[in-house]
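Structure, as structure tokens:
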Amino acid sequence: MASDARSSSIADPRTHLRALGGTFVVVALVVLLASIAVSLGYPLLDAAGIARESALGLALRSAFQFVGFGVAGVGYLAVTDQLDLVPVRRPTRGDLKWLAIGFAALLALYVGSSAILSALGREGADSVIAQQGSGQPVYFLYLIPVTILLVGPAEELIFRGIVQGLFRRAYGTRIAVVAASAIFAAVHLSSYSGDGLFVTLGMILVLGGTLGVVYEKSENIVVPAVVHGLFNTAQFVVLYATTTGLVG
């Protein structure tokens with residue numbers, strides 16, 4: 001019966017319009033409101049005497065950008081009356097289990113894929129964030145609270161909560177996880193450059209898929225948001241340590 005209902009729903013053009021159209025709208029809103037938030041934030045930096053290209057200025061620019069992400073996501077859900085699309089609750093013991101599993105899985109995938117690339121003599125793409133912090137490594141430390149409080153929650157709200165939720169309603173969980181992860185990877189295209197671009201985007205696709213599975217298992221957007229923030233934090237700590245020479 002569930003299969004028949006799904007087939008009937010897919011045969012309805014409105015199903016595709018809601019999933020694909022909703023995804024397009026929310027991603028467009030994210031791009032627009034993130035740009036507006038940064039534009040509004042720059043005068044605040046200037047008034048405070050913070051150079052825009054300084055470590056603190058770049059970190060605050062990222063903060064402004066992801067405030068825009070969050071406003072876009074919450075605004076979309078509120079205007080379309082779909083707040084129930086994204087389940088949010090205080091983490092339970094079961095959630096903590098999936099949080100630990102998700103964080104360990106992301107670290108294992110990242111370390112494992114990096115080791116494989118190194119063994120093959122391949123390199124990933126150049127990261128814009130790594131380039132920005134190469135001459136001012138304190139930038140990576142400034143990014144830690146930004147990624148925990150804003151980046152993780154905002155990106156998970158958009159890509160796992162809304163995009164994955166829209167695709168799940170239309171096509172089921174498996175397609176939803178793959179589609180949301182692909183869009184998540186594509187959006188990161190501007191954050192990397194160089195010969196290893198597609199290798200890096202492939203890694204982001206897999207990492208996004210892992211976050212998608214964790215979200216489906218926990219049924220609580222807080223879990224992948226925390227996992228995402230902690231994983232980014234681990235990367236920033238490593239970048240800071242290597243850039244400052246604390247580790248080889």
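Chain labels run A, B, ... following the order of the structure tokens; each chain numbers its residues from 1, and ligands are numbered from 1 in the order shown.
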
9 Å contact set for Pro153 (chain A), only C-alpha atoms, chain neighbours under 4 positions out, as a PDB file with C-alpha atoms, in the first residue's frame:
```pdb
ATOM      1  CA  GLY A  70      19.591  30.753   9.173  1.00  0.00           C
ATOM      2  CA  THR A 147      31.149  26.952  13.064  1.00  0.00           C
ATOM      3  CA  ILE A 148      29.651  25.521  16.263  1.00  0.00           C
ATOM      4  CA  LEU A 149      27.039  28.238  16.773  1.00  0.00           C
ATOM      5  CA  LEU A 157      18.849  23.300   8.722  1.00  0.00           C
ATOM      6  CA  ILE A 158      19.077  24.057   5.000  1.00  0.00           C
ATOM      7  CA  ILE A 221      18.238  18.196  13.361  1.00  0.00           C
ATOM      8  CA  VAL A 222      20.251  19.098  16.473  1.00  0.00           C
ATOM      9  CA  PRO A 224      23.810  16.485  12.621  1.00  0.00           C
ATOM     10  CA  ALA A 225      24.169  20.198  13.463  1.00  0.00           C
ATOM     11  CA  VAL A 226      26.391  19.379  16.455  1.00  0.00           C
ATOM     12  CA  HIS A 228      28.910  19.108  11.679  1.00  0.00           C
ATOM     13  CA  GLY A 229      30.172  21.818  14.022  1.00  0.00           C
TER      14      GLY A 229
END
```

Discussion item. Among region 10-154 of chain A, which residues does DSSP mark as helix (DSSP H, G or I) when it is run on the backbone? Keep the chain and numbering as in the structure and answer as an MDAnalysis selection string.
Written reply: chainID A and resid 10 13:48 55:79 83:85 93:119 128:133 138:154

How would the residues just picked look written out with C-alpha atoms as a compact mmCIF listing (two decimals), in the first residue's frame?
```
# COMPACT_ATOMS: atom_id res chain seq x y z
CA ILE A 10 5.41 10.48 -8.03
CA PRO A 13 3.65 16.64 -11.34
CA ARG A 14 2.95 18.67 -8.21
CA THR A 15 5.14 16.26 -6.22
CA HIS A 16 8.18 17.15 -8.31
CA LEU A 17 7.30 20.84 -8.26
CA ARG A 18 7.13 20.89 -4.47
CA ALA A 19 10.44 19.06 -4.06
CA LEU A 20 12.48 20.66 -6.85
CA GLY A 21 10.81 24.05 -6.71
CA GLY A 22 11.05 24.23 -2.94
CA THR A 23 14.74 23.32 -3.07
CA PHE A 24 15.43 25.96 -5.72
CA VAL A 25 13.60 28.61 -3.72
CA VAL A 26 15.35 27.89 -0.44
CA VAL A 27 18.83 27.72 -2.02
CA ALA A 28 18.17 30.98 -3.87
CA LEU A 29 17.02 32.57 -0.61
CA VAL A 30 20.19 31.36 1.09
CA VAL A 31 22.41 32.96 -1.56
CA LEU A 32 20.43 36.21 -1.52
CA LEU A 33 20.10 36.64 2.24
CA ALA A 34 23.69 35.56 2.92
CA SER A 35 24.89 38.27 0.52
CA ILE A 36 22.60 40.85 2.13
CA ALA A 37 23.75 39.89 5.62
CA VAL A 38 27.41 40.30 4.64
CA SER A 39 26.68 43.66 2.99
CA LEU A 40 24.93 44.86 6.13
CA GLY A 41 27.71 43.50 8.32
CA TYR A 42 30.59 45.26 6.59
CA PRO A 43 29.62 48.75 7.87
CA LEU A 44 29.59 47.30 11.39
CA LEU A 45 33.16 46.07 10.90
CA ASP A 46 34.21 49.47 9.55
CA ALA A 47 32.55 51.28 12.46
CA ALA A 48 34.33 49.00 14.93
CA ALA A 55 41.49 37.29 10.80
CA LEU A 56 38.67 38.65 12.96
CA GLY A 57 37.09 40.46 10.02
CA LEU A 58 37.02 37.32 7.88
CA ALA A 59 35.58 35.25 10.74
CA LEU A 60 32.84 37.82 11.36
CA ARG A 61 32.11 37.91 7.63
CA SER A 62 31.50 34.16 7.83
CA ALA A 63 29.26 34.74 10.85
CA PHE A 64 27.19 37.31 8.95
CA GLN A 65 26.91 34.94 6.00
CA PHE A 66 25.53 32.09 8.08
CA VAL A 67 23.14 34.35 9.94
CA GLY A 68 21.73 34.91 6.45
CA PHE A 69 21.56 31.14 5.97
CA GLY A 70 19.59 30.75 9.17
CA VAL A 71 17.17 33.58 8.39
CA ALA A 72 16.57 32.09 4.94
CA GLY A 73 15.84 28.63 6.37
CA VAL A 74 13.58 29.69 9.21
CA GLY A 75 11.87 32.24 7.01
CA TYR A 76 11.14 29.66 4.31
CA LEU A 77 9.66 27.23 6.82
CA ALA A 78 7.55 29.93 8.47
CA VAL A 79 6.21 31.48 5.26
CA LEU A 83 7.88 24.19 10.53
CA ASP A 84 7.00 20.54 11.14
CA LEU A 85 9.30 19.53 8.27
CA ARG A 93 20.46 9.39 25.13
CA GLY A 94 19.67 7.86 21.77
CA ASP A 95 20.57 11.14 20.07
CA LEU A 96 23.88 11.23 21.91
CA LYS A 97 24.63 7.76 20.57
CA TRP A 98 24.08 8.92 17.00
CA LEU A 99 26.04 12.08 17.69
CA ALA A 100 29.05 10.01 18.76
CA ILE A 101 28.64 7.60 15.84
CA GLY A 102 28.29 10.44 13.35
CA PHE A 103 31.34 12.34 14.60
CA ALA A 104 33.49 9.19 14.65
CA ALA A 105 32.29 8.23 11.17
CA LEU A 106 33.12 11.66 9.71
CA LEU A 107 36.59 11.62 11.24
CA ALA A 108 37.23 8.07 10.02
CA LEU A 109 36.03 8.87 6.50
CA TYR A 110 38.11 12.04 6.34
CA VAL A 111 41.30 10.47 7.68
CA GLY A 112 40.82 7.34 5.58
CA SER A 113 40.16 9.18 2.33
CA SER A 114 43.10 11.53 2.97
CA ALA A 115 45.38 8.53 3.55
CA ILE A 116 44.18 6.88 0.34
CA LEU A 117 44.77 10.04 -1.67
CA SER A 118 48.24 10.39 -0.18
CA ALA A 119 49.07 6.76 -1.04
CA VAL A 128 39.68 29.12 0.36
CA ILE A 129 39.55 28.98 4.17
CA ALA A 130 43.04 27.44 4.37
CA GLN A 131 44.38 30.14 2.05
CA GLN A 132 42.78 32.93 4.08
CA GLY A 133 44.33 31.63 7.29
CA VAL A 138 44.44 32.76 14.55
CA TYR A 139 41.69 32.96 11.93
CA PHE A 140 41.11 29.22 12.37
CA LEU A 141 40.55 29.71 16.11
CA TYR A 142 38.08 32.53 15.47
CA LEU A 143 36.15 30.18 13.19
CA ILE A 144 35.55 27.61 15.94
CA PRO A 145 32.69 29.43 17.72
CA VAL A 146 31.33 30.51 14.34
CA THR A 147 31.15 26.95 13.06
CA ILE A 148 29.65 25.52 16.26
CA LEU A 149 27.04 28.24 16.77
CA LEU A 150 26.20 29.18 13.19
CA VAL A 151 27.72 27.11 10.37
CA GLY A 152 26.75 23.65 11.62
CA PRO A 153 23.19 24.59 12.62
CA ALA A 154 22.52 26.75 9.54
```

Worksheet item: When you draw a straight line from CA of Glu155 (chain A) to CA of Leu239 (chain A), how long is it in Å?
Response: 21.3 Å

Discussion item. Need to verify the contact set: Ala186 (chain A), 12 Å, only C-alpha atoms, exclusion of same-chain residues closer than 3 positions in sequence. Can you return it as a list in words?
Written reply: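 The filter keeps Val27, Phe159, Ala179, Ala180, Ser181, Ala182, Ile183, Leu189, Ser190, Ser191, Tyr192, Leu197, Phe198, Thr200, Leu201, Gly202, Met203, Ile204, Leu205 and Gly208 of chain A.
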
Fill in: Atomic separation - CA of Thr92 (chain A) relative to CA of Arg169 (chain A), Å
25.1 Å

Worksheet item: Distance CA of Glu156 (chain A)-CA of Ala125 (chain A), one decimal place?
Response: 23.1 Å

Practice prompt. Point out the residue among A:Val206, A:Ile162, A:Leu230, A:Gly194 with the least atom-to-atom distance to Val178 (chain A), counting only C-alpha atoms.
Written response: A:Val206
